[in-house]
Amino acid sequence: MRTCRFRHSGRERYGAIEGDRVRAMSAAPWDGGLPEGAPIALGEVTLLAPAVPTKIVAVGRNYRAHAKELGNEIPKEPLLFIKPSTAIIGPGDPIRIPEASKEVHHEAELACVIARTLSGALTATEARAAIFGWTCLNDVTARDIQRAEGHFTRAKSFDSFCPIGPVIETDLDPMDAGVLCRVNGEVRQRGSTRDLVFDPYLLVAFISQVMTLLPGDIVSTGTPEGVGPLRRGDPVEVEVPKVGILRNPVV
């Protein structure tokens with residue numbers, strides 16, 4: 001199943017994608033929404049960020065090669081941080097370079113969307129049952145600010161620093177998924193979740209022991225090596241096979 005959020009005729013809806021068409025849903029798919037009404041051609045709608053989470057929980061240094069490229073040790077436990085929901089943009093929306101930073105980087109990631117409330121999970125099996133599906137995420141980062149401050153909050157939280165989309169795919173193996181990033185058509189990142197330090201299910205379980213995950217919340221799993229700068233005018237793409245390509249211009 002592939003789901004999305006879209007705008008059509010001034011109204012925002014969740015939708016179920018059927019080939020090159022989309023059918024509106026009565027509610028969010030993780031809230032029991034069902035397709036209703038006539039299908040609409042995808043070319044006639046504007047895709048939005050496919051979820052509206054209360055929080056985005058991300059993890060640093062979760063790919064071995066990425067930790068090495070930044071000169072960091074592999075963490076013994078997941079290194080968590082939160083991106084605010086106000087950082088979210090959807091497919092085609094512009095990533096805005098803030099005046100406060102001279103070194104903004106792309107970070108291509110596989111992310112999951114939570115389907116049901118999860119708290120205190122002890123096993124990967126519990127975590128798996130709480131996940132609705134998978135999407136692309138760009139963990140845009142003001143690297144100079146992160147380096148200077150020694151923590152992640154301001155560097156990761158500027159408005160437009162969390163593109164997600166274009167859709168949510170339920171049928172994907174997160175233990176063996178490719179993650180790519182292209183800037184101006186050039187491949188910058190090419191990784192596989194096989195290189196993860198903490199696999200997605202264990203990561204979701206670990207997070208739930210710290211904070212309750214709510215339906216629609218997003219957990220991002222880290223970025224592979226190859227992070228690098230974004231410039232005004234760049235088109236940037238994050239691709240996860242089966243999910244699709246998340247494209248955003250940089251302004």
# chains A, B, ... in the order shown; residues from 1 in each chain; ligands from 1
>>> closest_atom_pairs(of="region 131-193 of chain A", to="region 235-244 of chain A", cutoff="8 Å", atoms="only C-alpha atoms", output="CSV")
residue,atom,partner,partner_atom,distance
A:Trp134,CA,A:Val243,CA,7.2
A:Thr135,CA,A:Val243,CA,6.0
A:Cys136,CA,A:Val240,CA,6.4
A:Leu137,CA,A:Val238,CA,7.1
A:Asn138,CA,A:Val238,CA,6.8
A:Pro166,CA,A:Gly244,CA,6.7
A:Val167,CA,A:Val243,CA,6.4
A:Ile168,CA,A:Val243,CA,6.6
A:Glu169,CA,A:Val243,CA,5.5
A:Leu172,CA,A:Lys242,CA,7.1
A:Ala177,CA,A:Val240,CA,7.0
A:Gly178,CA,A:Val240,CA,5.7
A:Val179,CA,A:Val240,CA,5.1
A:Leu180,CA,A:Glu239,CA,5.1
A:Cys181,CA,A:Val238,CA,4.6
A:Arg182,CA,A:Glu237,CA,5.0
A:Val183,CA,A:Val236,CA,4.5
A:Asn184,CA,A:Pro235,CA,5.5
A:Gly185,CA,A:Pro235,CA,7.9
>>> select_by_dssp(residues="region 96-229 of chain A", states="alpha helix (DSSP H)", output="list in words")
Ala124, Thr125, Glu126, Ala127, Arg128, Ala129, Arg143, Asp144, Ile145, Gln146, Arg147, Ala148, Glu149, Thr153, Arg154, Ala155, Lys156, Ser157, Pro200, Tyr201, Leu202, Leu203, Val204, Ala205, Phe206, Ile207 and Ser208 of chain A
>>> write_last_selection(atoms="N, CA, C and O atoms", output="CSV table (one decimal), in the first residue's frame")
chain,number,residue,atom,x,y,z
A,124,ALA,N,12.0,-5.9,19.3
A,124,ALA,CA,11.9,-5.5,17.9
A,124,ALA,C,10.5,-5.9,17.3
A,124,ALA,O,9.9,-5.2,16.5
A,125,THR,N,10.0,-7.0,17.8
A,125,THR,CA,8.7,-7.5,17.3
A,125,THR,C,7.6,-6.5,17.7
A,125,THR,O,6.7,-6.2,16.9
A,126,GLU,N,7.6,-6.0,18.9
A,126,GLU,CA,6.6,-5.0,19.4
A,126,GLU,C,6.8,-3.7,18.5
A,126,GLU,O,5.8,-3.1,18.1
A,127,ALA,N,8.0,-3.3,18.2
A,127,ALA,CA,8.2,-2.1,17.5
A,127,ALA,C,7.7,-2.3,16.0
A,127,ALA,O,7.0,-1.4,15.5
A,128,ARG,N,8.0,-3.4,15.5
A,128,ARG,CA,7.5,-3.7,14.1
A,128,ARG,C,6.0,-3.6,13.9
A,128,ARG,O,5.5,-3.0,13.0
A,129,ALA,N,5.3,-4.1,14.9
A,129,ALA,CA,3.9,-4.1,14.9
A,129,ALA,C,3.3,-2.6,15.0
A,129,ALA,O,2.1,-2.4,14.6
A,143,ARG,N,25.8,22.5,9.5
A,143,ARG,CA,26.9,21.8,10.0
A,143,ARG,C,27.8,22.7,10.8
A,143,ARG,O,28.4,22.3,11.9
A,144,ASP,N,28.0,23.9,10.4
A,144,ASP,CA,28.9,24.8,11.1
A,144,ASP,C,28.3,25.2,12.5
A,144,ASP,O,29.1,25.2,13.5
A,145,ILE,N,27.0,25.3,12.6
A,145,ILE,CA,26.4,25.5,13.9
A,145,ILE,C,26.5,24.3,14.8
A,145,ILE,O,26.8,24.4,16.0
A,146,GLN,N,26.2,23.1,14.2
A,146,GLN,CA,26.4,21.9,15.0
A,146,GLN,C,27.8,21.7,15.5
A,146,GLN,O,28.0,21.4,16.7
A,147,ARG,N,28.8,22.0,14.7
A,147,ARG,CA,30.2,21.9,15.1
A,147,ARG,C,30.5,22.9,16.2
A,147,ARG,O,31.2,22.5,17.2
A,148,ALA,N,30.0,24.1,16.1
A,148,ALA,CA,30.4,25.1,17.0
A,148,ALA,C,29.7,24.9,18.4
A,148,ALA,O,30.3,25.2,19.4
A,149,GLU,N,28.4,24.4,18.4
A,149,GLU,CA,27.7,24.3,19.6
A,149,GLU,C,27.8,23.0,20.3
A,149,GLU,O,27.5,22.8,21.5
A,153,THR,N,20.4,20.7,18.4
A,153,THR,CA,19.1,21.3,18.4
A,153,THR,C,19.0,22.4,17.4
A,153,THR,O,18.1,22.3,16.4
A,154,ARG,N,19.7,23.5,17.5
A,154,ARG,CA,19.6,24.6,16.6
A,154,ARG,C,20.0,24.2,15.1
A,154,ARG,O,19.3,24.6,14.2
A,155,ALA,N,21.0,23.4,15.0
A,155,ALA,CA,21.5,23.1,13.7
A,155,ALA,C,20.5,22.2,12.9
A,155,ALA,O,20.6,22.3,11.6
A,156,LYS,N,19.6,21.5,13.5
A,156,LYS,CA,18.7,20.6,12.8
A,156,LYS,C,17.3,21.2,12.8
A,156,LYS,O,16.4,20.5,12.2
A,157,SER,N,17.0,22.3,13.3
A,157,SER,CA,15.6,22.7,13.6
A,157,SER,C,15.1,23.9,12.8
A,157,SER,O,14.0,24.3,13.0
A,200,PRO,N,16.3,-0.5,12.3
A,200,PRO,CA,15.1,0.3,12.6
A,200,PRO,C,14.2,-0.2,13.6
A,200,PRO,O,13.6,0.6,14.4
A,201,TYR,N,14.0,-1.5,13.7
A,201,TYR,CA,13.0,-2.0,14.7
A,201,TYR,C,13.6,-1.8,16.1
A,201,TYR,O,12.9,-1.4,17.1
A,202,LEU,N,14.9,-2.1,16.3
A,202,LEU,CA,15.5,-1.9,17.7
A,202,LEU,C,15.5,-0.5,18.0
A,202,LEU,O,15.4,-0.1,19.2
A,203,LEU,N,15.7,0.4,17.0
A,203,LEU,CA,15.8,1.8,17.2
A,203,LEU,C,14.4,2.3,17.7
A,203,LEU,O,14.3,3.1,18.7
A,204,VAL,N,13.3,1.9,17.1
A,204,VAL,CA,12.0,2.3,17.5
A,204,VAL,C,11.7,1.8,18.9
A,204,VAL,O,11.1,2.6,19.7
A,205,ALA,N,12.0,0.6,19.2
A,205,ALA,CA,11.8,0.1,20.5
A,205,ALA,C,12.6,0.9,21.6
A,205,ALA,O,12.0,1.3,22.6
A,206,PHE,N,13.9,1.2,21.3
A,206,PHE,CA,14.7,2.0,22.2
A,206,PHE,C,14.1,3.4,22.5
A,206,PHE,O,14.0,3.8,23.6
A,207,ILE,N,13.6,4.0,21.4
A,207,ILE,CA,13.0,5.3,21.5
A,207,ILE,C,11.8,5.3,22.4
A,207,ILE,O,11.5,6.1,23.2
A,208,SER,N,11.0,4.2,22.2
A,208,SER,CA,9.7,4.1,23.0
A,208,SER,C,10.0,3.9,24.5
A,208,SER,O,9.1,4.2,25.3
>>> residues_around(residues="Arg23 (chain A)", least_positions_apart="3", cutoff="6 Å", atoms="only C-alpha atoms", output="list in words")
Gly15, Ala16, Pro35 and Pro39 of chain A
>>> select_by_dssp(residues="region 59-112 of chain A", states="strand (DSSP E or B)", output="list of chain:residue names")
A:Val59, A:Gly60, A:Tyr63, A:Leu79, A:Leu80, A:Phe81, A:Ile82, A:Lys83, A:Ile88, A:Ile89, A:Ile95, A:Val104, A:His105, A:His106, A:Ala108, A:Glu109, A:Leu110, A:Ala111, A:Cys112
>>> closest_residue(among="A:Ile56, A:Ile245, A:Val45, A:Ala108", to="Pro84 (chain A)", atoms="only C-alpha atoms")
A:Ile56
>>> closest_residue(among="A:Val59, A:Leu214, A:Leu47, A:Val250", to="His105 (chain A)", atoms="only C-alpha atoms")
A:Val250
>>> atom_distance(atom1="CA of Ala142 (chain A)", atom2="CA of Ala87 (chain A)")
12.9 Å
>>> residues_around(residues="Asp195 (chain A)", least_positions_apart="6", cutoff="8 Å", atoms="only C-alpha atoms", output="list in words")
Tyr63, Arg64 and Ala65 of chain A
>>> residues_around(residues="Leu48 (chain A)", least_positions_apart="6", cutoff="6 Å", atoms="only C-alpha atoms", output="PyMOL selection string")
chain A and resi 5-6+90
>>> write_last_selection(atoms="N, CA and C atoms", output="mmCIF file, in the first residue's frame")
data_model
loop_
_atom_site.group_PDB
_atom_site.id
_atom_site.type_symbol
_atom_site.label_atom_id
_atom_site.label_comp_id
_atom_site.auth_asym_id
_atom_site.auth_seq_id
_atom_site.Cartn_x
_atom_site.Cartn_y
_atom_site.Cartn_z
ATOM 1 N N ARG A 5 -0.361 12.460 1.406
ATOM 2 C CA ARG A 5 -1.259 13.581 1.674
ATOM 3 C C ARG A 5 -1.203 14.473 0.446
ATOM 4 N N PHE A 6 -2.338 15.062 0.112
ATOM 5 C CA PHE A 6 -2.366 15.882 -1.089
ATOM 6 C C PHE A 6 -3.347 17.039 -0.931
ATOM 7 N N GLY A 90 7.143 19.401 2.325
ATOM 8 C CA GLY A 90 6.812 18.273 1.474
ATOM 9 C C GLY A 90 7.573 18.277 0.170
#
>>> residues_around(residues="Lys76 (chain A)", least_positions_apart="2", cutoff="10 Å", atoms="only C-alpha atoms", output="PyMOL selection string")
chain A and resi 73-74+78-79+197-198
>>> write_last_selection(atoms="C-alpha atoms", output="CSV table (one decimal), in the first residue's frame")
chain,number,residue,atom,x,y,z
A,73,GLU,CA,33.2,7.0,17.3
A,74,ILE,CA,30.3,4.6,16.8
A,78,PRO,CA,21.5,5.3,19.9
A,79,LEU,CA,22.3,9.0,19.8
A,197,VAL,CA,24.6,0.3,13.7
A,198,PHE,CA,21.1,0.0,15.3
>>> residues_around(residues="Glu18 (chain A)", least_positions_apart="3", cutoff="12 Å", atoms="only C-alpha atoms", output="ChimeraX atom specification")
/A:1-4,15,21-24,35,38-42
>>> atom_distance(atom1="CA of Ala28 (chain A)", atom2="CA of Ala130 (chain A)")
15.0 Å
>>> atom_distance(atom1="CA of Pro75 (chain A)", atom2="CA of Gln189 (chain A)")
21.3 Å
>>> closest_residue(among="A:Gly71, A:Gly92, A:Thr221, A:Arg116", to="Val57 (chain A)", atoms="only C-alpha atoms")
A:Thr221
